[in-house]
Amino acid sequence: MLKLKKILVLSVTFYSIILLILYFFQEEILFQPEILDEEYTFQFDHDFEEFFLETDDGICLNAIHFKNENPKGVILYFHGNRGNLRRWGRIVLFFAKKQYDVVVMDYRSYGKSKGEITEKNLYHDAQLFYNYLLKRYAEDQITIYGRSIGTGIAVKVASENRPCNLILETPYYTIKDIVESWLPHFPTNALLRYKIPSGEFIQNVTCSITIYHGTDDGVVPFKSGKRLYDAIPISNKKMIIVPGGSHNDLIEFDEYLNTIDIVLQNN
């Protein structure tokens with residue numbers, strides 16, 4: 001009995017510690033920014049402009065605008081939860097070299113961007129950059145692209161505007177879906193301050209929607225992306241499944257490389 005009691009005490013203690021970590025450190029778990037010195041100079045093998053936008057509450061947010069002569073359109077790219085524009089600028093070069101202009105921003109506390117992340121701030125800041133594009137491009141030339149944590153932000157912006165295209169790479173139905181895959185049997189709904197309910201937002205998206213998801217994604221479960229796809233009410237949608245694809249390698253698979261040009265053309 002004494003041994004059983006010790007096991008129960010240890011189990012309860014461990015469970016309680018996990019609950020406390022999830023509640024108090026969820027920003028650090030969900031968002032993993034890397035700071036850049038303000039004097040850092042970006043270098044990319046393509047024409048680009050670095051710029052800053054100021055939010056209503058006076059926070060400066062850093063972004064990069066890749067440019068082409070006679071672009072096919074423009075992509076507003078919402079990146080994943082790790083790194084900063086030094087990394088994501090290299091990643092979105094893939095699209096810039098396909099003759100698309102690309103704007104990619106750093107969220108608050110990432111890179112040279114200031115301020116603190118909240119769910120409300122993520123949405124407001126994303127709309128600020130969409131408005132930046134509206135002053136420079138026709139709305140029917142705008143594609144919104146979200147990757148990983150950025151997919152929920154992308155869906156939110158698409159739901160409140162009228163872009164021509166929404167592309168989601170490794171998306172989730174809600175943040176709860178992700179955390180429950182990591183920590184089953186925990187009361188995540190009560191603990192999470194970040195909801196990002198993509199499945200709710202996507203009900204109001206009217207443009208073409210494409211989802212890419214790998215079957216072996218160990219970060220955002222494939223079933224969460226499939227759940228999001230099934231929730232899309234419009235018929236102009238497609239889900240491109242990448243067998244064996246994980247979270248960060250879809251660009252290495254033919255299922256992605258052989259379809260992305262057509263998806264970007266919104267055909």
# chains A, B, ... in the order shown; residues from 1 in each chain; ligands from 1
call {"tool": "select_by_dssp", "arguments": {"residues": "stretch 2-236 of chain A", "states": "alpha helix (DSSP H)", "output": "ChimeraX atom specification"}}
result
/A:2-24,26-30,85-96,119-134,149-159,175-182,188-191,198-201,222-231
call {"tool": "residues_around", "arguments": {"residues": "A:Ser113", "least_positions_apart": "6", "cutoff": "7 Å", "atoms": "only C-alpha atoms", "output": "PyMOL selection string"}}
result
chain A and resi 60-62+106-107
call {"tool": "closest_atom_pairs", "arguments": {"of": "stretch 129-157 of chain A", "to": "stretch 29-34 of chain A", "cutoff": "12 Å", "atoms": "only C-alpha atoms", "output": "JSON lines"}}
result
{"residue": "A:Ser148", "atom": "CA", "partner": "A:Leu30", "partner_atom": "CA", "distance": 10.7}
{"residue": "A:Ile149", "atom": "CA", "partner": "A:Leu30", "partner_atom": "CA", "distance": 8.1}
{"residue": "A:Gly150", "atom": "CA", "partner": "A:Phe31", "partner_atom": "CA", "distance": 10.7}
call {"tool": "write_last_selection", "arguments": {"atoms": "N, CA, C and O atoms", "output": "CSV table (one decimal), in the first residue's frame"}}
result
chain,number,residue,atom,x,y,z
A,148,SER,N,2.1,26.4,-40.7
A,148,SER,CA,2.2,26.0,-39.3
A,148,SER,C,1.4,27.0,-38.5
A,148,SER,O,0.2,27.2,-38.7
A,149,ILE,N,2.0,27.6,-37.5
A,149,ILE,CA,1.2,28.5,-36.6
A,149,ILE,C,0.6,29.6,-37.4
A,149,ILE,O,-0.5,30.1,-37.0
A,150,GLY,N,1.3,30.0,-38.5
A,150,GLY,CA,0.8,31.1,-39.3
A,150,GLY,C,-0.5,30.8,-40.1
A,150,GLY,O,-1.1,31.7,-40.6
call {"tool": "residues_around", "arguments": {"residues": "stretch 119-132 of chain A", "least_positions_apart": "2", "cutoff": "8 Å", "atoms": "only C-alpha atoms", "output": "list in words"}}
result
Leu53, Thr55, Leu76, Met105, Tyr107, Arg108, Ile117, Leu134, Lys135, Arg136, Ile153, Ala154, Lys156, Val157, Tyr194, Lys195 and Ile196 of chain A
call {"tool": "residues_around", "arguments": {"residues": "A:Asp217", "least_positions_apart": "6", "cutoff": "12 Å", "atoms": "only C-alpha atoms", "output": "number ranges by chain"}}
result
A: 148, 169-172, 178, 181, 223-225, 241-250
call {"tool": "closest_residue", "arguments": {"among": "A:Val74, A:Ile202, A:Asn84, A:Ile91", "to": "A:Phe44", "atoms": "only C-alpha atoms"}}
result
A:Ile91
call {"tool": "atom_distance", "arguments": {"atom1": "atom CA of A:Arg90", "atom2": "atom CA of A:Lys67"}}
result
14.0 Å
call {"tool": "closest_residue", "arguments": {"among": "A:Asn204, A:Thr174, A:Thr151, A:Thr259", "to": "A:Gly80", "atoms": "only C-alpha atoms"}}
result
A:Thr151
call {"tool": "residues_around", "arguments": {"residues": "A:Ala138", "least_positions_apart": "4", "cutoff": "10 Å", "atoms": "only C-alpha atoms", "output": "compact mmCIF listing (two decimals) with C-alpha atoms, in the first residue's frame"}}
result
# COMPACT_ATOMS: atom_id res chain seq x y z
CA GLY A 73 0.72 38.48 -58.20
CA VAL A 74 1.69 39.00 -54.57
CA LEU A 133 -0.79 45.35 -49.83
CA LEU A 134 -4.19 46.83 -50.65
CA ILE A 142 -3.33 38.81 -53.42
CA PRO A 163 -8.06 37.74 -51.58
CA CYS A 164 -7.97 35.54 -54.65
call {"tool": "select_by_dssp", "arguments": {"residues": "stretch 42-242 of chain A", "states": "strand (DSSP E)", "output": "ChimeraX atom specification"}}
result
/A:48-54,60-66,74-78,82-83,101-105,142-147,165-169,208-214,237-242
call {"tool": "write_last_selection", "arguments": {"atoms": "C-alpha atoms", "output": "PDB file, in the first residue's frame"}}
result
ATOM      1  CA  PHE A  48      13.856  43.183 -51.842  1.00  0.00           C
ATOM      2  CA  GLU A  49      12.981  46.045 -49.549  1.00  0.00           C
ATOM      3  CA  GLU A  50      13.076  45.891 -45.762  1.00  0.00           C
ATOM      4  CA  PHE A  51      10.399  48.012 -44.113  1.00  0.00           C
ATOM      5  CA  PHE A  52       8.575  48.656 -40.845  1.00  0.00           C
ATOM      6  CA  LEU A  53       4.910  49.259 -40.086  1.00  0.00           C
ATOM      7  CA  GLU A  54       3.684  50.877 -36.889  1.00  0.00           C
ATOM      8  CA  CYS A  60       7.139  48.747 -34.925  1.00  0.00           C
ATOM      9  CA  LEU A  61       6.937  45.526 -36.907  1.00  0.00           C
ATOM     10  CA  ASN A  62       9.609  44.430 -39.339  1.00  0.00           C
ATOM     11  CA  ALA A  63       8.955  42.925 -42.762  1.00  0.00           C
ATOM     12  CA  ILE A  64      10.547  42.144 -46.105  1.00  0.00           C
ATOM     13  CA  HIS A  65       8.982  42.848 -49.486  1.00  0.00           C
ATOM     14  CA  PHE A  66      10.455  40.795 -52.333  1.00  0.00           C
ATOM     15  CA  VAL A  74       1.686  39.003 -54.575  1.00  0.00           C
ATOM     16  CA  ILE A  75       1.841  36.572 -51.663  1.00  0.00           C
ATOM     17  CA  LEU A  76       1.304  37.651 -48.060  1.00  0.00           C
ATOM     18  CA  TYR A  77       3.146  34.961 -46.113  1.00  0.00           C
ATOM     19  CA  PHE A  78       2.559  34.193 -42.419  1.00  0.00           C
ATOM     20  CA  ARG A  82      10.421  29.490 -34.919  1.00  0.00           C
ATOM     21  CA  GLY A  83      13.159  31.817 -36.134  1.00  0.00           C
ATOM     22  CA  ASP A 101       6.109  39.494 -55.137  1.00  0.00           C
ATOM     23  CA  VAL A 102       6.168  38.358 -51.511  1.00  0.00           C
ATOM     24  CA  VAL A 103       5.636  40.182 -48.230  1.00  0.00           C
ATOM     25  CA  VAL A 104       6.632  38.327 -45.065  1.00  0.00           C
ATOM     26  CA  MET A 105       6.462  39.911 -41.610  1.00  0.00           C
ATOM     27  CA  ILE A 142      -3.333  38.812 -53.424  1.00  0.00           C
ATOM     28  CA  THR A 143      -2.648  35.255 -52.259  1.00  0.00           C
ATOM     29  CA  ILE A 144      -2.517  34.608 -48.518  1.00  0.00           C
ATOM     30  CA  TYR A 145      -0.146  31.817 -47.529  1.00  0.00           C
ATOM     31  CA  GLY A 146       0.101  30.420 -44.011  1.00  0.00           C
ATOM     32  CA  ARG A 147       2.525  27.876 -42.644  1.00  0.00           C
ATOM     33  CA  ASN A 165      -6.350  32.558 -52.990  1.00  0.00           C
ATOM     34  CA  LEU A 166      -5.605  30.978 -49.600  1.00  0.00           C
ATOM     35  CA  ILE A 167      -2.866  28.360 -49.259  1.00  0.00           C
ATOM     36  CA  LEU A 168      -2.295  26.549 -45.965  1.00  0.00           C
ATOM     37  CA  GLU A 169       0.760  24.399 -45.302  1.00  0.00           C
ATOM     38  CA  SER A 208     -10.091  29.298 -53.352  1.00  0.00           C
ATOM     39  CA  ILE A 209      -8.523  27.244 -50.519  1.00  0.00           C
ATOM     40  CA  THR A 210      -5.706  24.696 -50.798  1.00  0.00           C
ATOM     41  CA  ILE A 211      -4.305  22.657 -47.919  1.00  0.00           C
ATOM     42  CA  TYR A 212      -0.975  20.810 -47.974  1.00  0.00           C
ATOM     43  CA  HIS A 213      -0.355  18.298 -45.212  1.00  0.00           C
ATOM     44  CA  GLY A 214       2.031  15.402 -44.689  1.00  0.00           C
ATOM     45  CA  LYS A 237     -11.166  23.680 -52.174  1.00  0.00           C
ATOM     46  CA  LYS A 238      -8.544  20.974 -52.400  1.00  0.00           C
ATOM     47  CA  MET A 239      -6.384  19.029 -49.984  1.00  0.00           C
ATOM     48  CA  ILE A 240      -3.060  17.813 -51.322  1.00  0.00           C
ATOM     49  CA  ILE A 241      -1.862  14.943 -49.150  1.00  0.00           C
ATOM     50  CA  VAL A 242       1.874  14.252 -48.993  1.00  0.00           C
TER      51      VAL A 242
END
call {"tool": "atom_distance", "arguments": {"atom1": "atom CA of A:Gly115", "atom2": "atom CA of A:Tyr137"}}
result
28.2 Å
